[in-house]
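Participant: This is the structure I want to talk about, given as structure tokens.
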Amino acid sequence: MVKVVEMAVTAQQALQVVGLGIDFPSYIRFTWLTPIVNGHMDGSCRYYPTTQEESVTVQDYGWALNFVIESALQASRSDEVLELVNARATSNWNSQFDRSPRTPGERRWEGPAESQPSSE
């Protein structure tokens with residue numbers, strides 16, 4: 001059961017990263033270059049770098065910094081899309097229950113042009 005939960009958490013993280021439009025292989029590289037920081041109840045944070053993390057070079061650091069900046073910009077683009085989706089959902093909220101008469105600017109689709117009766 002523990003393995004199933006671990007797989008689900010990993011899959012969810014991958015979907016979130018890909019859903020934001022962030023390059024997944026770069027995300028994996030970033031996770032390998034950065035240590036895991038543990039927060040504690042007393043407010044302190046501790047981390048224990050691995051041998052891999054201790055061997056990070058200046059070039060790796062520069063790459064990671066650019067990755068964070070690019071990922072933040074990419075995620076902010078997703079925020080714009082989310083705002084559009086939320087605005088549409090808000091404007092259409094319970095629209096199927098709205099029984100008010102049609103407004104003057106509203107249009108109705110009557111089918112393809114070929115199916116319209118001829119006025120000749």
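Labels used: A, B, ... for chains in the order of the structure tokens, numbers from 1 for residues in each chain, and numbers from 1 for ligands as shown.
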For stretch 32-44 of chain A, work out the shell of residues within 10 Å, counting only C-alpha atoms and skipping chain neighbours fewer than 5 positions away, then give it as JSON, numbers by chain.
Facilitator: {"A": [26, 27, 49, 50, 52, 53, 54, 55, 56, 57, 60, 61, 63, 64]}
Participant: So that I have them on file, write out the residues from the current selection with all heavy atoms, as an mmCIF file, in the first residue's frame.
Facilitator:
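part-v6.cif, written as the output of this step:
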data_model
loop_
_atom_site.group_PDB
_atom_site.id
_atom_site.type_symbol
_atom_site.label_atom_id
_atom_site.label_comp_id
_atom_site.auth_asym_id
_atom_site.auth_seq_id
_atom_site.Cartn_x
_atom_site.Cartn_y
_atom_site.Cartn_z
ATOM 1 N N SER A 26 13.940 18.795 -16.961
ATOM 2 C CA SER A 26 14.637 19.866 -16.239
ATOM 3 C C SER A 26 14.202 19.906 -14.777
ATOM 4 O O SER A 26 15.021 20.151 -13.887
ATOM 5 C CB SER A 26 14.367 21.217 -16.886
ATOM 6 O OG SER A 26 14.923 21.258 -18.172
ATOM 7 N N TYR A 27 12.928 19.662 -14.534
ATOM 8 C CA TYR A 27 12.427 19.616 -13.155
ATOM 9 C C TYR A 27 13.119 18.500 -12.376
ATOM 10 O O TYR A 27 13.534 18.695 -11.230
ATOM 11 C CB TYR A 27 10.910 19.398 -13.161
ATOM 12 C CG TYR A 27 10.343 19.108 -11.802
ATOM 13 C CD1 TYR A 27 10.171 20.132 -10.868
ATOM 14 C CD2 TYR A 27 9.989 17.824 -11.438
ATOM 15 C CE1 TYR A 27 9.664 19.870 -9.614
ATOM 16 C CE2 TYR A 27 9.474 17.548 -10.186
ATOM 17 C CZ TYR A 27 9.315 18.570 -9.276
ATOM 18 O OH TYR A 27 8.821 18.299 -8.031
ATOM 19 N N PRO A 49 22.637 17.696 3.155
ATOM 20 C CA PRO A 49 22.963 17.492 1.740
ATOM 21 C C PRO A 49 23.607 16.131 1.496
ATOM 22 O O PRO A 49 24.388 15.637 2.316
ATOM 23 C CB PRO A 49 23.928 18.627 1.420
ATOM 24 C CG PRO A 49 24.467 19.078 2.727
ATOM 25 C CD PRO A 49 23.434 18.749 3.759
ATOM 26 N N THR A 50 23.257 15.546 0.361
ATOM 27 C CA THR A 50 23.866 14.288 -0.052
ATOM 28 C C THR A 50 25.190 14.595 -0.750
ATOM 29 O O THR A 50 25.515 15.755 -1.016
ATOM 30 C CB THR A 50 22.944 13.537 -1.031
ATOM 31 O OG1 THR A 50 22.799 14.334 -2.202
ATOM 32 C CG2 THR A 50 21.580 13.265 -0.407
ATOM 33 N N GLN A 52 25.845 14.006 -3.799
ATOM 34 C CA GLN A 52 25.481 14.620 -5.080
ATOM 35 C C GLN A 52 25.278 16.115 -4.916
ATOM 36 O O GLN A 52 25.748 16.915 -5.714
ATOM 37 C CB GLN A 52 24.201 13.954 -5.624
ATOM 38 C CG GLN A 52 23.532 14.680 -6.768
ATOM 39 C CD GLN A 52 24.352 14.705 -8.053
ATOM 40 O OE1 GLN A 52 25.155 13.809 -8.278
ATOM 41 N NE2 GLN A 52 24.148 15.713 -8.868
ATOM 42 N N GLU A 53 24.531 16.513 -3.872
ATOM 43 C CA GLU A 53 24.241 17.932 -3.661
ATOM 44 C C GLU A 53 25.481 18.716 -3.256
ATOM 45 O O GLU A 53 25.598 19.891 -3.570
ATOM 46 C CB GLU A 53 23.144 18.073 -2.618
ATOM 47 C CG GLU A 53 21.805 17.543 -3.118
ATOM 48 C CD GLU A 53 20.876 17.146 -2.004
ATOM 49 O OE1 GLU A 53 21.294 17.129 -0.833
ATOM 50 O OE2 GLU A 53 19.706 16.841 -2.306
ATOM 51 N N GLU A 54 26.408 18.071 -2.575
ATOM 52 C CA GLU A 54 27.648 18.756 -2.185
ATOM 53 C C GLU A 54 28.565 18.986 -3.378
ATOM 54 O O GLU A 54 29.445 19.831 -3.327
ATOM 55 C CB GLU A 54 28.375 17.955 -1.101
ATOM 56 C CG GLU A 54 27.682 18.036 0.245
ATOM 57 C CD GLU A 54 28.381 17.219 1.322
ATOM 58 O OE1 GLU A 54 29.190 16.326 0.982
ATOM 59 O OE2 GLU A 54 28.106 17.467 2.500
ATOM 60 N N SER A 55 28.361 18.244 -4.454
ATOM 61 C CA SER A 55 29.222 18.383 -5.635
ATOM 62 C C SER A 55 28.656 19.358 -6.667
ATOM 63 O O SER A 55 29.157 19.429 -7.785
ATOM 64 C CB SER A 55 29.441 17.007 -6.284
ATOM 65 O OG SER A 55 28.222 16.514 -6.792
ATOM 66 N N VAL A 56 27.635 20.126 -6.308
ATOM 67 C CA VAL A 56 27.027 21.089 -7.222
ATOM 68 C C VAL A 56 28.047 22.178 -7.561
ATOM 69 O O VAL A 56 28.700 22.735 -6.682
ATOM 70 C CB VAL A 56 25.752 21.704 -6.601
ATOM 71 C CG1 VAL A 56 25.220 22.847 -7.442
ATOM 72 C CG2 VAL A 56 24.692 20.633 -6.426
ATOM 73 N N THR A 57 28.148 22.476 -8.846
ATOM 74 C CA THR A 57 29.118 23.478 -9.317
ATOM 75 C C THR A 57 28.441 24.840 -9.484
ATOM 76 O O THR A 57 27.219 24.960 -9.394
ATOM 77 C CB THR A 57 29.698 23.060 -10.681
ATOM 78 O OG1 THR A 57 28.644 23.064 -11.644
ATOM 79 C CG2 THR A 57 30.345 21.682 -10.604
ATOM 80 N N ASP A 60 26.064 24.558 -12.283
ATOM 81 C CA ASP A 60 24.804 23.936 -11.860
ATOM 82 C C ASP A 60 23.919 24.954 -11.152
ATOM 83 O O ASP A 60 22.705 25.002 -11.381
ATOM 84 C CB ASP A 60 25.057 22.754 -10.913
ATOM 85 C CG ASP A 60 25.703 21.572 -11.605
ATOM 86 O OD1 ASP A 60 25.478 21.382 -12.815
ATOM 87 O OD2 ASP A 60 26.424 20.823 -10.906
ATOM 88 N N TYR A 61 24.527 25.760 -10.311
ATOM 89 C CA TYR A 61 23.766 26.777 -9.584
ATOM 90 C C TYR A 61 23.151 27.782 -10.558
ATOM 91 O O TYR A 61 21.979 28.145 -10.446
ATOM 92 C CB TYR A 61 24.658 27.498 -8.574
ATOM 93 C CG TYR A 61 23.936 28.614 -7.862
ATOM 94 C CD1 TYR A 61 23.096 28.340 -6.785
ATOM 95 C CD2 TYR A 61 24.078 29.938 -8.273
ATOM 96 C CE1 TYR A 61 22.407 29.357 -6.139
ATOM 97 C CE2 TYR A 61 23.391 30.963 -7.639
ATOM 98 C CZ TYR A 61 22.575 30.664 -6.562
ATOM 99 O OH TYR A 61 21.887 31.671 -5.938
ATOM 100 N N TRP A 63 22.439 27.255 -13.717
ATOM 101 C CA TRP A 63 21.370 26.577 -14.441
ATOM 102 C C TRP A 63 20.100 26.512 -13.587
ATOM 103 O O TRP A 63 18.995 26.779 -14.073
ATOM 104 C CB TRP A 63 21.804 25.156 -14.835
ATOM 105 C CG TRP A 63 20.705 24.422 -15.508
ATOM 106 C CD1 TRP A 63 20.420 24.418 -16.837
ATOM 107 C CD2 TRP A 63 19.691 23.650 -14.873
ATOM 108 N NE1 TRP A 63 19.294 23.668 -17.074
ATOM 109 C CE2 TRP A 63 18.830 23.181 -15.878
ATOM 110 C CE3 TRP A 63 19.422 23.287 -13.557
ATOM 111 C CZ2 TRP A 63 17.726 22.383 -15.605
ATOM 112 C CZ3 TRP A 63 18.325 22.498 -13.274
ATOM 113 C CH2 TRP A 63 17.480 22.054 -14.297
ATOM 114 N N ALA A 64 20.256 26.154 -12.299
ATOM 115 C CA ALA A 64 19.105 26.032 -11.399
ATOM 116 C C ALA A 64 18.407 27.385 -11.223
ATOM 117 O O ALA A 64 17.176 27.458 -11.190
ATOM 118 C CB ALA A 64 19.547 25.469 -10.049
#
Participant: Please give the complete set of residues from stretch 1-63 of chain A that DSSP, run on the backbone, assigns to helix (DSSP H, G or I), formatted as a VMD selection string.
Facilitator: chain A and resid 2 to 19 24 to 33 51 to 54 58 to 63
Participant: Hey, can you spit out that residue selection with C-alpha atoms as a PDB file, in the first residue's frame?
Facilitator:
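Saved as again31.pdb:
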ATOM      1  CA  VAL A   2       2.874   2.377   0.775  1.00  0.00           C
ATOM      2  CA  LYS A   3       4.308   1.894  -2.737  1.00  0.00           C
ATOM      3  CA  VAL A   4       0.924   2.696  -4.296  1.00  0.00           C
ATOM      4  CA  VAL A   5       0.702   5.943  -2.311  1.00  0.00           C
ATOM      5  CA  GLU A   6       4.270   6.870  -3.281  1.00  0.00           C
ATOM      6  CA  MET A   7       3.482   6.217  -6.952  1.00  0.00           C
ATOM      7  CA  ALA A   8       0.310   8.295  -6.746  1.00  0.00           C
ATOM      8  CA  VAL A   9       2.155  11.216  -5.129  1.00  0.00           C
ATOM      9  CA  THR A  10       4.923  11.043  -7.747  1.00  0.00           C
ATOM     10  CA  ALA A  11       2.401  10.869 -10.596  1.00  0.00           C
ATOM     11  CA  GLN A  12       0.478  13.826  -9.165  1.00  0.00           C
ATOM     12  CA  GLN A  13       3.649  15.915  -8.922  1.00  0.00           C
ATOM     13  CA  ALA A  14       4.584  15.027 -12.503  1.00  0.00           C
ATOM     14  CA  LEU A  15       1.128  15.981 -13.774  1.00  0.00           C
ATOM     15  CA  GLN A  16       1.270  19.296 -11.924  1.00  0.00           C
ATOM     16  CA  VAL A  17       4.672  20.141 -13.415  1.00  0.00           C
ATOM     17  CA  VAL A  18       3.671  19.137 -16.939  1.00  0.00           C
ATOM     18  CA  GLY A  19       0.295  20.854 -16.546  1.00  0.00           C
ATOM     19  CA  PHE A  24       9.782  17.683 -16.786  1.00  0.00           C
ATOM     20  CA  PRO A  25      13.376  16.462 -17.410  1.00  0.00           C
ATOM     21  CA  SER A  26      14.637  19.866 -16.239  1.00  0.00           C
ATOM     22  CA  TYR A  27      12.427  19.616 -13.155  1.00  0.00           C
ATOM     23  CA  ILE A  28      13.959  16.216 -12.341  1.00  0.00           C
ATOM     24  CA  ARG A  29      17.459  17.662 -12.773  1.00  0.00           C
ATOM     25  CA  PHE A  30      16.522  20.536 -10.451  1.00  0.00           C
ATOM     26  CA  THR A  31      15.279  18.125  -7.771  1.00  0.00           C
ATOM     27  CA  TRP A  32      18.560  16.226  -7.969  1.00  0.00           C
ATOM     28  CA  LEU A  33      20.593  19.414  -7.567  1.00  0.00           C
ATOM     29  CA  THR A  51      27.180  13.721  -1.792  1.00  0.00           C
ATOM     30  CA  GLN A  52      25.481  14.620  -5.080  1.00  0.00           C
ATOM     31  CA  GLU A  53      24.241  17.932  -3.661  1.00  0.00           C
ATOM     32  CA  GLU A  54      27.648  18.756  -2.185  1.00  0.00           C
ATOM     33  CA  VAL A  58      28.719  27.174 -10.038  1.00  0.00           C
ATOM     34  CA  GLN A  59      27.418  26.208 -13.486  1.00  0.00           C
ATOM     35  CA  ASP A  60      24.804  23.936 -11.860  1.00  0.00           C
ATOM     36  CA  TYR A  61      23.766  26.777  -9.584  1.00  0.00           C
ATOM     37  CA  GLY A  62      23.420  29.148 -12.541  1.00  0.00           C
ATOM     38  CA  TRP A  63      21.370  26.577 -14.441  1.00  0.00           C
TER      39      TRP A  63
END
Participant: Just give me the gap between atom CA of A:Ser91 and atom CA of A:Ala72 in Å, one decimal is fine.
Facilitator: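 So the two atoms, atom CA of A:Ser91 and atom CA of A:Ala72, lie 28.7 Å apart.
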Participant: Could you check how far atom CA of A:Gly21 sits from atom CA of A:Leu84, in Å to one decimal?
Facilitator: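 Between these atoms lies a distance of 17.0 Å.
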